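What follows is a short report on a single structure.
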Amino acid sequence: TLPRFVEVVEVGPRDGLQNEARPVPLDIKVDLIDRLSAAGFANVEAAAFVSPKWVPQMADSAAVMAQIRRRPGTVYSALVPNMKGMEAALAAGVGEVVVFSAASEAFAQKNINCSIAESIERFRPVAEAARAAGVKLRGSISVALGCPYQGEVAPSAVAEVVRRMADLGCDSIDIADTIGVGTPVRVQAVFEASAAVFPMHRLAGHFHDTYGQALANIYAALQLGVASFHASVAGLGGCPYARGATGNVATEDVLYLLQGLGVETGVDLRAVVEAGDFITRAIDRPNNSRAGKALLSK
Ligand code: HMG
Ligand code: MG
C-alpha cells in the first residue's frame with residue numbers, strides 16, 4: 001500500500017536555478033519562492049550558503065531569505081557545506097539546513113573539494129549548531145544511483161554514507177540520483193539498503209530526470225513506503241559538477257502522479273503550474289513539465 005500523504009519538497013529555487021549562467025534577478029527569485037509558498041509546500045529549498053566562487057548564482061542567498069514572505073507552515077531550507085555557511089544560514093533564519101556529501105569519492109572531491117570522511121567531519125559542528133539553534137538537519141547524498149566520474153555505485157556504499165549521516169543526527173536523508181541514471185529496481189535496492197540503517201519514512205528521493213526515469217523511480221520508491229520526494233517547478237535545473245545532467249523531475253508531473261494515485265500532498269497543482277509558467281518566462285527557459293504544459297493550454 002502507498003503512503004496516504006507524501007511531502008513534496010520544492011527545490012526549484014535552489015537546484016533549479018543554481019546552474020543558470022546569467023544571474024537571476026533577486027526580485028524574480030523572491031517572487032518565485034513566494035508563489036511556491038502560496039501553493040502550499042511544507043518545505044521550499046530556497047538558498048545555498050556555499051562559496052560564491054563555486055556557485056555564483058547562489059551568492060545572494062542572504063538577501064533572498066531576507067525578502068521572501070514567510071508562510072507559517074512552510075520550512076525554508078538551504079544547503080550548508082561548512083561552518084561558514086552555517087553561520088550565514090542561521091543569521092538568515094533558515095529553518096532546515098542541508099549538509100551534502102556523495103556516495104562516491106570522486107564526486108565529493110569535485111563538488112565539495114574534500115573526501116567523504118572529511119565532509120562528515122566538517123558537518124559535525126554544523127550538526128551541533130543546528131541542534132543548539134533548534135533548526136532541522138537534513139543530509140543529502142549525491143550520485144547514489146551512479147557517478148559521472150566513477151560509474152557504478154554500490155547500494156552498500158550509499159548505505160554507508162546514510163549510516164554516517166544518521167550518526168550526525170540528521171532528521172532526514174536524501175538519496176539523490178544526480179545524473180538521472182537510476183531505474184526502478186535499482187532504486188528499490190538502494191532504498192532497501194539504506195533503510196537497513198535509517199528509517200524508510202525519513203528517507204527522501206531526489207531524482208533528476210536526465211534519462212526520463214524519475215516518475216517511474218518515484219513510483220518504485222513509493223511502493224517501499226518512501227513518503228518524501230524532491231522536485232523542481234517546470235523541471236528547472238542541472239548540476240554544475242555533473243556535465244549533461246538535466247533538471248530535477250518536474251514538480252507539476254509529480255503532483256499529477258500523486259493526485260492520480262489518491263495520495264495527498266497539501267499542494268495546489270494549479271498554483272504550481274502558474275509558478276512554472278512565471279519562472280520559465282522570467283528566465284527565458286523552456287517549461288520541462290509535461291503536466292504543466294498540458295494544464296497551461298487548458
Ligand atoms: P574550498 O575552496 O575547499 O573552501 O571549497 P575553503 O574552506 O578552502 O575556502 C575557500 C574560500 O571560499 C575562502 O574565501 C572561504 O572564505 C570561502 P577566500 O579566503 O579565498 O576569499 N568559503 C565560503 N564562502 C561563502 N560561503 C561558504 C564558504 N566556505 C568557504 N560556505 C566548499 C569548499 C565546500 C566551500 C566549496 O566546494 C563549495 O562551496 N561547494 C559547494 C558546491 C555546490 O554548491 N554544489 C551544488 C550544490 S550540491 C547539488 O546540487 C546536489 C544536490 O542537488 C543533490 C544531487 O542532485 O546530487 C543537493
Ligand atoms: Mg540535485
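Going through the C-alpha cells in order, the chains are called A, B, and so on, while each chain numbers its residues from 1 and the ligands are numbered from 1 in the order shown.
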
Need the shell around Thr183 in chain A: protein/DNA/RNA residues with any atom at most 9 Å away, counting only C-alpha atoms. Skip same-chain ones fewer than 5 positions apart. Format as a PyMOL selection string? chain A and resi 145+188+213-214+216-217+220

For range 33-45 of chain A, work out the shell of residues within 9 Å, counting only C-alpha atoms and skipping chain neighbours fewer than 6 positions away, then give it as a count of residues only. 33

Could you pull out all residues of range 73-206 of chain A with a DSSP call of alpha helix (DSSP H) and give them as an MDAnalysis selection string? chainID A and resid 83:91 105:112 116:133 155:168 184:195

Please save C-alpha atoms of the selected residues as a CSV table (one decimal), in the first residue's frame.
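Generated file (out11.csv):
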chain,number,residue,atom,x,y,z
A,83,MET,CA,30.6,26.3,9.5
A,84,LYS,CA,31.0,29.5,7.4
A,85,GLY,CA,27.8,28.6,5.5
A,86,MET,CA,26.1,27.6,8.8
A,87,GLU,CA,26.7,31.0,10.4
A,88,ALA,CA,25.3,32.7,7.4
A,89,ALA,CA,22.3,30.3,7.2
A,90,LEU,CA,21.4,30.8,10.9
A,91,ALA,CA,21.7,34.6,10.6
A,105,GLU,CA,34.9,9.9,-3.5
A,106,ALA,CA,35.3,11.3,-7.0
A,107,PHE,CA,32.1,13.3,-6.9
A,108,ALA,CA,32.8,14.5,-3.3
A,109,GLN,CA,36.1,15.9,-4.5
A,110,LYS,CA,34.6,17.7,-7.5
A,111,ASN,CA,31.6,19.1,-5.6
A,112,ILE,CA,32.8,20.0,-2.2
A,116,ILE,CA,33.5,11.8,2.1
A,117,ALA,CA,35.1,11.3,5.5
A,118,GLU,CA,36.4,14.9,5.6
A,119,SER,CA,32.9,16.1,4.7
A,120,ILE,CA,31.4,14.2,7.6
A,121,GLU,CA,33.9,15.8,10.0
A,122,ARG,CA,33.1,19.2,8.6
A,123,PHE,CA,29.4,18.5,9.2
A,124,ARG,CA,29.9,17.6,12.9
A,125,PRO,CA,30.0,21.2,14.2
A,126,VAL,CA,27.2,22.1,11.7
A,127,ALA,CA,25.0,19.4,13.2
A,128,GLU,CA,25.8,20.6,16.7
A,129,ALA,CA,25.0,24.2,15.8
A,130,ALA,CA,21.7,23.1,14.2
A,131,ARG,CA,20.7,21.2,17.4
A,132,ALA,CA,21.6,24.2,19.6
A,133,ALA,CA,19.6,26.6,17.4
A,155,PRO,CA,23.9,0.3,-2.7
A,156,SER,CA,26.2,-0.7,0.2
A,157,ALA,CA,28.3,2.5,-0.5
A,158,VAL,CA,25.2,4.6,-0.3
A,159,ALA,CA,24.1,2.9,2.9
A,160,GLU,CA,27.5,3.5,4.5
A,161,VAL,CA,27.1,7.3,3.9
A,162,VAL,CA,23.5,7.1,5.2
A,163,ARG,CA,24.8,5.5,8.3
A,164,ARG,CA,27.4,8.3,8.8
A,165,MET,CA,24.7,10.9,8.3
A,166,ALA,CA,22.4,9.2,10.7
A,167,ASP,CA,25.2,9.2,13.3
A,168,LEU,CA,25.5,13.0,12.8
A,184,PRO,CA,13.1,1.4,-10.6
A,185,VAL,CA,14.5,-2.0,-9.4
A,186,ARG,CA,17.9,-0.4,-8.8
A,187,VAL,CA,16.3,2.5,-6.9
A,188,GLN,CA,14.4,0.0,-4.7
A,189,ALA,CA,17.7,-1.8,-4.0
A,190,VAL,CA,19.4,1.4,-2.9
A,191,PHE,CA,16.4,2.4,-0.6
A,192,GLU,CA,16.2,-1.0,0.9
A,193,ALA,CA,20.0,-1.0,1.7
A,194,SER,CA,19.6,2.5,3.2
A,195,ALA,CA,16.5,1.6,5.2

Could you list, as a VMD selection string, all the residues within 9 Å of ligand 2, counting only C-alpha atoms and all ligand atoms? chain A and resid 11 14 to 16 142 176 to 179 206 to 208 230 237 to 239 247 to 248

Just the selected residues (C-alpha atoms), exported as a PDB file, in the first residue's frame, please.
ATOM      1  CA  VAL A  11      13.856  22.524  -4.766  1.00  0.00           C
ATOM      2  CA  ARG A  14      17.973  26.231  -5.320  1.00  0.00           C
ATOM      3  CA  ASP A  15      18.632  23.171  -7.510  1.00  0.00           C
ATOM      4  CA  GLY A  16      16.620  24.632 -10.384  1.00  0.00           C
ATOM      5  CA  SER A 142      24.717  12.723  -4.335  1.00  0.00           C
ATOM      6  CA  ALA A 176      19.965  11.726  -4.834  1.00  0.00           C
ATOM      7  CA  ASP A 177      20.198  10.494  -8.399  1.00  0.00           C
ATOM      8  CA  THR A 178      22.290  13.455  -9.515  1.00  0.00           C
ATOM      9  CA  ILE A 179      22.658  12.353 -13.130  1.00  0.00           C
ATOM     10  CA  HIS A 206      15.781  13.321  -5.119  1.00  0.00           C
ATOM     11  CA  PHE A 207      15.604  12.324  -8.764  1.00  0.00           C
ATOM     12  CA  HIS A 208      16.980  14.191 -11.735  1.00  0.00           C
ATOM     13  CA  HIS A 230      12.103  16.435  -4.205  1.00  0.00           C
ATOM     14  CA  GLY A 237      17.938  22.773 -13.300  1.00  0.00           C
ATOM     15  CA  GLY A 238      21.163  20.951 -13.918  1.00  0.00           C
ATOM     16  CA  CYS A 239      24.268  20.272 -11.878  1.00  0.00           C
ATOM     17  CA  GLY A 247      16.891  19.253 -14.040  1.00  0.00           C
ATOM     18  CA  ASN A 248      15.027  17.574 -11.259  1.00  0.00           C
TER      19      ASN A 248
END

Write down as a PyMOL selection string the residues belonging to range 17-245 of chain A that are assigned strand (DSSP E or B) by DSSP computed on the backbone. chain A and resi 43-48+75-79+96-102+136-142+147+151+172-177+203-208+228-232+239+242

Please produce a file of the residues just selected, as a PDB file, in the first residue's frame, where the atoms kept are C-alpha atoms.
ATOM      1  CA  ASN A  43       9.389  22.716   2.532  1.00  0.00           C
ATOM      2  CA  VAL A  44      10.925  25.006  -0.073  1.00  0.00           C
ATOM      3  CA  GLU A  45      14.669  24.724  -0.668  1.00  0.00           C
ATOM      4  CA  ALA A  46      15.287  28.412  -1.077  1.00  0.00           C
ATOM      5  CA  ALA A  47      19.026  29.049  -0.887  1.00  0.00           C
ATOM      6  CA  ALA A  48      22.579  27.725  -0.653  1.00  0.00           C
ATOM      7  CA  VAL A  75      10.035  25.474   6.257  1.00  0.00           C
ATOM      8  CA  TYR A  76      12.668  27.277   4.191  1.00  0.00           C
ATOM      9  CA  SER A  77      15.702  25.036   3.741  1.00  0.00           C
ATOM     10  CA  ALA A  78      19.200  25.821   2.487  1.00  0.00           C
ATOM     11  CA  LEU A  79      22.415  23.998   1.641  1.00  0.00           C
ATOM     12  CA  GLU A  96      16.361  23.491   7.932  1.00  0.00           C
ATOM     13  CA  VAL A  97      19.989  23.137   6.919  1.00  0.00           C
ATOM     14  CA  VAL A  98      21.133  20.581   4.389  1.00  0.00           C
ATOM     15  CA  VAL A  99      24.602  19.072   4.644  1.00  0.00           C
ATOM     16  CA  PHE A 100      25.612  17.373   1.436  1.00  0.00           C
ATOM     17  CA  SER A 101      28.126  14.714   0.535  1.00  0.00           C
ATOM     18  CA  ALA A 102      28.283  11.925  -2.032  1.00  0.00           C
ATOM     19  CA  LYS A 136      16.264  20.849  11.431  1.00  0.00           C
ATOM     20  CA  LEU A 137      19.162  18.928   9.903  1.00  0.00           C
ATOM     21  CA  ARG A 138      18.904  17.109   6.589  1.00  0.00           C
ATOM     22  CA  GLY A 139      21.615  15.097   4.860  1.00  0.00           C
ATOM     23  CA  SER A 140      21.889  14.731   1.101  1.00  0.00           C
ATOM     24  CA  ILE A 141      23.824  12.014  -0.711  1.00  0.00           C
ATOM     25  CA  SER A 142      24.717  12.723  -4.335  1.00  0.00           C
ATOM     26  CA  CYS A 147      28.511   8.709 -10.699  1.00  0.00           C
ATOM     27  CA  GLY A 151      30.407   4.939 -12.884  1.00  0.00           C
ATOM     28  CA  SER A 172      16.019  13.103   7.276  1.00  0.00           C
ATOM     29  CA  ILE A 173      18.326  11.925   4.493  1.00  0.00           C
ATOM     30  CA  ASP A 174      18.016  12.439   0.741  1.00  0.00           C
ATOM     31  CA  ILE A 175      19.003   9.751  -1.728  1.00  0.00           C
ATOM     32  CA  ALA A 176      19.965  11.726  -4.834  1.00  0.00           C
ATOM     33  CA  ASP A 177      20.198  10.494  -8.399  1.00  0.00           C
ATOM     34  CA  LEU A 203      14.458   8.931   3.597  1.00  0.00           C
ATOM     35  CA  ALA A 204      13.632  11.109   0.595  1.00  0.00           C
ATOM     36  CA  GLY A 205      14.023  10.573  -3.144  1.00  0.00           C
ATOM     37  CA  HIS A 206      15.781  13.321  -5.119  1.00  0.00           C
ATOM     38  CA  PHE A 207      15.604  12.324  -8.764  1.00  0.00           C
ATOM     39  CA  HIS A 208      16.980  14.191 -11.735  1.00  0.00           C
ATOM     40  CA  SER A 228       9.149  12.418   0.664  1.00  0.00           C
ATOM     41  CA  PHE A 229      10.276  13.441  -2.800  1.00  0.00           C
ATOM     42  CA  HIS A 230      12.103  16.435  -4.205  1.00  0.00           C
ATOM     43  CA  ALA A 231      11.014  18.142  -7.379  1.00  0.00           C
ATOM     44  CA  SER A 232      11.682  21.342  -9.263  1.00  0.00           C
ATOM     45  CA  CYS A 239      24.268  20.272 -11.878  1.00  0.00           C
ATOM     46  CA  ALA A 242      27.774  16.702 -13.467  1.00  0.00           C
TER      47      ALA A 242
END

Find the residues near Leu258 in chain A: any atom within 10 Å, counting only C-alpha atoms, skip ones fewer than 4 places away on the same chain, and give them as a ChimeraX atom specification. /A:4-6,8,218-219,222,252-254,262-265

Using only C-alpha atoms and all ligand atoms, can you tell me which of A:Leu236, A:Leu32, A:Leu224, A:Ala282 comes closest to ligand 1?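 Checking each candidate against ligand 1, we get A:Leu236 as the closest.
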